[in-house]
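A.B. asks: Coordinates in run.csv, CSV, C-alpha atoms, are listed below.
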chain,number,residue,atom,x,y,z
A,1,MET,CA,8.5,8.7,9.6
A,2,MET,CA,9.8,8.9,6.0
A,3,TRP,CA,6.2,8.8,4.6
A,4,ARG,CA,5.3,12.1,6.3
A,5,LEU,CA,8.3,13.7,4.6
A,6,ILE,CA,7.3,12.3,1.2
A,7,LEU,CA,3.7,13.3,1.8
A,8,VAL,CA,4.7,16.9,2.0
A,9,VAL,CA,6.7,16.6,-1.2
A,10,LEU,CA,3.9,14.8,-3.1
A,11,MET,CA,1.3,17.4,-2.2
A,12,GLY,CA,3.4,20.1,-3.8
A,13,LEU,CA,4.1,18.0,-6.9
A,14,SER,CA,0.6,16.7,-7.9
A,15,ASN,CA,0.9,18.4,-11.3
A,16,PHE,CA,3.4,15.8,-12.3
A,17,LEU,CA,0.8,13.1,-12.1
A,18,VAL,CA,-0.8,12.4,-15.5
A,19,ALA,CA,-3.2,9.6,-14.6
A,20,GLU,CA,-6.9,10.3,-15.0
A,21,GLU,CA,-8.0,9.8,-11.4
A,22,THR,CA,-11.4,11.4,-11.9
A,23,ASP,CA,-12.4,9.0,-14.6
A,24,LEU,CA,-11.2,6.1,-12.5
A,25,LYS,CA,-13.3,7.2,-9.5
A,26,LYS,CA,-16.3,7.5,-11.8
A,27,ILE,CA,-15.8,4.0,-13.2
A,28,LEU,CA,-15.6,2.5,-9.7
A,29,SER,CA,-18.7,4.3,-8.6
A,30,GLU,CA,-20.7,3.2,-11.7
A,31,LYS,CA,-19.6,-0.4,-11.1
A,32,ASN,CA,-20.4,-0.2,-7.4
A,33,ILE,CA,-17.0,-1.3,-6.2
A,34,THR,CA,-15.9,-0.7,-2.6
A,35,ILE,CA,-12.2,-0.8,-1.9
A,36,ILE,CA,-10.7,-1.4,1.5
A,37,VAL,CA,-7.0,-0.7,1.9
A,38,MET,CA,-5.0,-2.2,4.7
A,39,ARG,CA,-1.4,-1.8,5.6
A,40,HIS,CA,0.5,-4.8,6.9
A,41,GLY,CA,1.0,-5.3,10.6
A,42,GLU,CA,4.2,-4.0,12.3
A,43,ALA,CA,7.2,-5.9,11.0
A,44,MET,CA,10.8,-6.3,12.3
A,45,HIS,CA,12.2,-3.6,10.0
A,46,ASN,CA,9.8,-1.0,11.3
A,47,LEU,CA,11.4,-1.2,14.7
A,48,ASP,CA,14.7,0.1,13.3
A,49,GLN,CA,13.2,2.3,10.6
A,50,LEU,CA,15.0,0.3,7.9
A,51,MET,CA,14.2,0.7,4.2
A,52,THR,CA,13.4,-2.6,2.6
A,53,SER,CA,11.3,-4.2,-0.1
A,54,SER,CA,12.8,-7.6,0.5
A,55,LEU,CA,10.5,-10.6,0.0
A,56,SER,CA,12.5,-12.5,2.6
A,57,PRO,CA,10.7,-14.4,5.4
A,58,GLY,CA,13.5,-12.9,7.6
A,59,ILE,CA,11.5,-9.6,7.7
A,60,SER,CA,8.5,-10.9,9.4
A,61,LEU,CA,5.7,-9.5,11.7
A,62,THR,CA,6.4,-8.7,15.3
A,63,LYS,CA,4.3,-10.0,18.1
A,64,SER,CA,2.7,-6.6,18.3
A,65,GLY,CA,2.1,-6.7,14.5
A,66,ILE,CA,0.2,-10.0,14.9
A,67,GLU,CA,-1.9,-8.6,17.7
A,68,GLN,CA,-2.7,-5.5,15.5
A,69,ILE,CA,-4.0,-7.8,12.8
A,70,GLU,CA,-6.2,-9.7,15.2
A,71,SER,CA,-7.7,-6.4,16.3
A,72,THR,CA,-8.3,-5.3,12.7
A,73,ALA,CA,-9.9,-8.6,11.9
A,74,GLN,CA,-12.4,-8.0,14.7
A,75,SER,CA,-13.3,-4.6,13.3
A,76,LEU,CA,-13.9,-6.1,9.8
A,77,LYS,CA,-16.2,-8.9,11.0
A,78,GLY,CA,-19.6,-8.6,9.5
A,79,ILE,CA,-18.2,-6.8,6.4
A,80,ARG,CA,-18.5,-8.8,3.2
A,81,ILE,CA,-15.1,-9.0,1.4
A,82,ASP,CA,-15.4,-10.7,-2.0
A,83,HIS,CA,-11.7,-10.7,-3.1
A,84,VAL,CA,-8.3,-9.9,-1.6
A,85,PHE,CA,-5.2,-8.6,-3.4
A,86,VAL,CA,-2.0,-8.7,-1.4
A,87,SER,CA,1.6,-7.5,-2.0
A,88,PRO,CA,4.1,-10.4,-2.6
A,89,VAL,CA,6.3,-9.1,0.3
A,90,TYR,CA,6.4,-11.6,3.2
A,91,ARG,CA,5.1,-9.3,5.8
A,92,THR,CA,2.0,-8.6,3.7
A,93,LEU,CA,1.5,-12.3,2.9
A,94,GLN,CA,1.7,-13.0,6.7
A,95,THR,CA,-0.9,-10.3,7.3
A,96,ALA,CA,-3.2,-11.7,4.6
A,97,GLN,CA,-3.0,-15.2,6.0
A,98,LEU,CA,-3.8,-14.2,9.5
A,99,LEU,CA,-6.5,-11.8,8.6
A,100,CYS,CA,-8.3,-14.1,6.1
A,101,GLN,CA,-8.1,-17.1,8.4
A,102,SER,CA,-9.8,-15.0,11.1
A,103,LEU,CA,-12.5,-13.7,8.7
A,104,GLY,CA,-13.1,-17.1,7.0
A,105,ILE,CA,-12.1,-15.8,3.6
A,106,SER,CA,-11.4,-18.7,1.2
A,107,PRO,CA,-7.9,-19.0,-0.3
A,108,THR,CA,-9.5,-19.1,-3.7
A,109,ASN,CA,-10.5,-15.4,-3.2
A,110,ILE,CA,-6.9,-14.3,-2.3
A,111,GLU,CA,-4.6,-13.2,-5.1
A,112,VAL,CA,-0.9,-12.0,-4.9
A,113,GLU,CA,-0.6,-8.7,-6.8
A,114,PRO,CA,3.0,-7.6,-7.7
A,115,LEU,CA,1.7,-4.1,-8.4
A,116,LEU,CA,1.1,-3.7,-4.7
A,117,LYS,CA,4.6,-4.5,-3.6
A,118,GLU,CA,6.8,-2.1,-1.6
A,119,GLN,CA,8.8,0.6,-3.4
A,120,TYR,CA,12.3,-0.8,-4.3
A,121,PHE,CA,15.0,1.4,-2.7
A,122,GLY,CA,18.0,0.2,-4.8
A,123,VAL,CA,21.4,0.8,-3.0
A,124,CYS,CA,19.4,2.0,0.0
A,125,GLU,CA,17.8,-1.4,0.6
A,126,GLY,CA,18.6,-2.2,4.3
A,127,LYS,CA,19.7,1.3,5.1
A,128,THR,CA,18.1,3.5,7.7
A,129,LEU,CA,15.6,6.2,7.1
A,130,GLN,CA,18.2,8.8,7.9
A,131,GLU,CA,20.7,7.3,5.4
A,132,TYR,CA,18.0,7.3,2.7
A,133,ARG,CA,17.1,10.9,3.2
A,134,GLN,CA,20.7,12.0,2.9
A,135,ILE,CA,21.1,10.9,-0.7
A,136,PHE,CA,18.6,13.5,-1.9
A,137,SER,CA,19.8,17.1,-2.4
A,138,LYS,CA,16.3,18.5,-3.0
A,139,SER,CA,13.1,17.5,-1.3
A,140,GLU,CA,11.3,16.9,-4.6
A,141,ASP,CA,13.8,14.3,-5.5
A,142,VAL,CA,12.3,12.0,-2.9
A,143,PHE,CA,9.3,11.8,-5.2
A,144,LEU,CA,10.7,12.3,-8.7
A,145,GLY,CA,14.0,10.6,-8.2
A,146,SER,CA,15.2,7.4,-6.6
A,147,ALA,CA,18.2,5.8,-4.9
A,148,GLU,CA,20.7,4.4,-7.4
A,149,GLY,CA,19.1,1.3,-9.0
A,150,GLY,CA,15.8,2.0,-7.1
A,151,GLU,CA,12.2,2.8,-8.0
A,152,SER,CA,10.9,6.4,-8.1
A,153,GLY,CA,7.7,7.6,-6.5
A,154,VAL,CA,6.4,8.4,-10.0
A,155,SER,CA,6.9,4.8,-11.0
A,156,LEU,CA,5.1,3.6,-7.9
A,157,HIS,CA,2.2,5.9,-8.6
A,158,GLU,CA,1.9,4.6,-12.2
A,159,ARG,CA,1.7,0.9,-11.1
A,160,THR,CA,-0.7,1.8,-8.4
A,161,MET,CA,-3.0,3.3,-11.1
A,162,LEU,CA,-2.6,0.1,-13.1
A,163,CYS,CA,-3.7,-2.0,-10.1
A,164,ILE,CA,-6.8,0.1,-9.5
A,165,GLU,CA,-7.7,0.1,-13.2
A,166,SER,CA,-7.4,-3.7,-13.4
A,167,ILE,CA,-9.8,-4.0,-10.4
A,168,ALA,CA,-12.2,-1.6,-12.1
A,169,LYS,CA,-12.2,-3.8,-15.2
A,170,ARG,CA,-12.6,-7.1,-13.5
A,171,PHE,CA,-15.3,-6.6,-10.9
A,172,ASN,CA,-18.9,-5.4,-10.4
A,173,ASN,CA,-20.8,-4.9,-7.2
A,174,GLN,CA,-18.1,-6.2,-5.0
A,175,THR,CA,-15.9,-5.2,-2.0
A,176,ILE,CA,-12.2,-5.6,-2.6
A,177,LEU,CA,-9.5,-5.7,0.1
A,178,LEU,CA,-5.9,-4.5,-0.8
A,179,ILE,CA,-3.2,-5.4,1.7
A,180,THR,CA,-0.1,-3.4,1.0
A,181,HIS,CA,2.4,-0.9,2.4
A,182,GLY,CA,2.5,2.6,3.9
A,183,TYR,CA,3.7,4.6,1.0
A,184,ASN,CA,1.5,2.6,-1.4
A,185,SER,CA,-1.5,3.6,0.7
A,186,CYS,CA,-0.7,7.3,0.0
A,187,HIS,CA,-0.8,6.7,-3.7
A,188,ILE,CA,-4.0,4.6,-3.6
A,189,ASN,CA,-5.6,7.5,-1.7
A,190,TYR,CA,-4.6,9.9,-4.5
A,191,CYS,CA,-6.0,7.5,-7.2
A,192,LEU,CA,-9.3,7.3,-5.4
A,193,THR,CA,-9.7,10.8,-4.0
A,194,GLY,CA,-7.4,13.1,-6.0
A,195,SER,CA,-5.4,14.1,-2.9
A,196,TYR,CA,-2.7,12.6,-0.7
A,197,ALA,CA,-3.3,11.5,2.9
A,198,SER,CA,-0.9,10.4,5.6
A,199,SER,CA,0.4,6.8,5.4
A,200,LEU,CA,-1.8,4.2,7.1
A,201,LYS,CA,-0.5,3.0,10.5
A,202,PRO,CA,0.4,-0.7,10.7
A,203,ALA,CA,-2.6,-3.0,10.3
A,204,SER,CA,-5.0,-0.1,10.0
A,205,THR,CA,-7.6,0.2,7.2
A,206,ILE,CA,-9.4,2.8,5.2
A,207,THR,CA,-12.6,2.2,3.1
A,208,TYR,CA,-13.4,3.9,-0.2
A,209,SER,CA,-17.1,3.5,-1.0
A,210,PRO,CA,-18.8,4.2,-4.3
Translate this file's structure into structure tokens.
C.D. replies:
Amino acid sequence: MMWRLILVVLMGLSNFLVAEETDLKKILSEKNITIIVMRHGEAMHNLDQLMTSSLSPGISLTKSGIEQIESTAQSLKGIRIDHVFVSPVYRTLQTAQLLCQSLGISPTNIEVEPLLKEQYFGVCEGKTLQEYRQIFSKSEDVFLGSAEGGESGVSLHERTMLCIESIAKRFNNQTILLITHGYNSCHINYCLTGSYASSLKPASTITYSP
């Protein structure tokens, strides 16, 4: 998958990141904030490896994706989740609705967060993974650059930091669930651990405790 390619690039370019991850981790620990990150369930575009940040309901969860979410909900039962932030992309909104209904999380505790949305791929929106790779002459451009009119990995990292910082300012002694996308999960991991990890699989989760 593309995210594995990008992961290799990111690991070699961490010096380009200027955010103070160490201070952020310290604040989250001092405020006793646990963060659970979840990737959306499998969606139609995943089947054809298409690049899209579209908010359109046309890119919805597959039957398998819905089943994945049901399984994840079972694994989260018994865990107190105080607040949910979800990307405005349709597949993540679907995921949040199904998961929160299963877990009995009140809609008043669910908030759409634009900072968690999928990376925008510009002229490559709707293109295949192979077509997207072909526009970059150097591997590092996958992270530093972008498709024409699109968003760079640097920009995505910056807004990811803003999202985590906002959570750190707003909450104390709570568990926060973030429902987002694969590449976003890599950046969240960097913000919370100082290193990159492989993209989460559809509907899987990872927990960051104080």
A.B. asks: If you measure from CA of Thr52 (chain A) to CA of Ala96 (chain A), what distance in Å do you get, rounded to one decimal?
C.D. replies: 19.0 Å
A.B. asks: Check the smallest atom-to-atom distance from each of A:Ala168, A:Leu178, A:Leu200, A:Val89 to Ser60 (chain A) using all atoms listed in the file, then report the winner.
C.D. replies: A:Val89
A.B. asks: Would you kindly return, as a PyMOL selection string, each protein, DNA or RNA residue with an atom no farther than 9 Å from any atom of Cys124 (chain A), considering only C-alpha atoms and excluding same-chain residues fewer than 2 positions away?
C.D. replies: chain A and resi 51-52+120-122+126-128+131-132+147-148+150
A.B. asks: Extract, using only C-alpha atoms, all DNA, RNA and protein residues at most 6 Å from Ile179 (chain A), discarding same-chain residues fewer than 2 positions from it, and format them as a list in words.
C.D. replies: Met38, Arg39 and Val86 of chain A
A.B. asks: Quick one: residues within 12 Å of Leu24 (chain A), all atoms listed in the file counted, chain neighbours fewer than 5 positions away excluded, as a VMD selection string?
C.D. replies: chain A and resid 19 29 to 31 33 161 to 169 188 190 to 194 210
A.B. asks: Mind checking which residues fall within 12 Å of Ile81 (chain A), counting all atoms listed in the file, ignoring those fewer than 4 positions away in the same chain, and posting them as a compact mmCIF listing (two decimals) with C-alpha atoms, in the frame of the given file?
C.D. replies:
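Generated output (out.txt):
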# COMPACT_ATOMS: atom_id res chain seq x y z
CA ILE A 33 -17.00 -1.30 -6.20
CA THR A 34 -15.90 -0.70 -2.60
CA ILE A 35 -12.20 -0.80 -1.90
CA ILE A 36 -10.70 -1.40 1.50
CA VAL A 37 -7.00 -0.70 1.90
CA ALA A 73 -9.90 -8.60 11.90
CA LEU A 76 -13.90 -6.10 9.80
CA LYS A 77 -16.20 -8.90 11.00
CA PHE A 85 -5.20 -8.60 -3.40
CA LEU A 99 -6.50 -11.80 8.60
CA CYS A 100 -8.30 -14.10 6.10
CA LEU A 103 -12.50 -13.70 8.70
CA GLY A 104 -13.10 -17.10 7.00
CA ILE A 105 -12.10 -15.80 3.60
CA SER A 106 -11.40 -18.70 1.20
CA ASN A 109 -10.50 -15.40 -3.20
CA ILE A 110 -6.90 -14.30 -2.30
CA ASN A 173 -20.80 -4.90 -7.20
CA GLN A 174 -18.10 -6.20 -5.00
CA THR A 175 -15.90 -5.20 -2.00
CA ILE A 176 -12.20 -5.60 -2.60
CA LEU A 177 -9.50 -5.70 0.10
CA LEU A 178 -5.90 -4.50 -0.80
CA THR A 207 -12.60 2.20 3.10
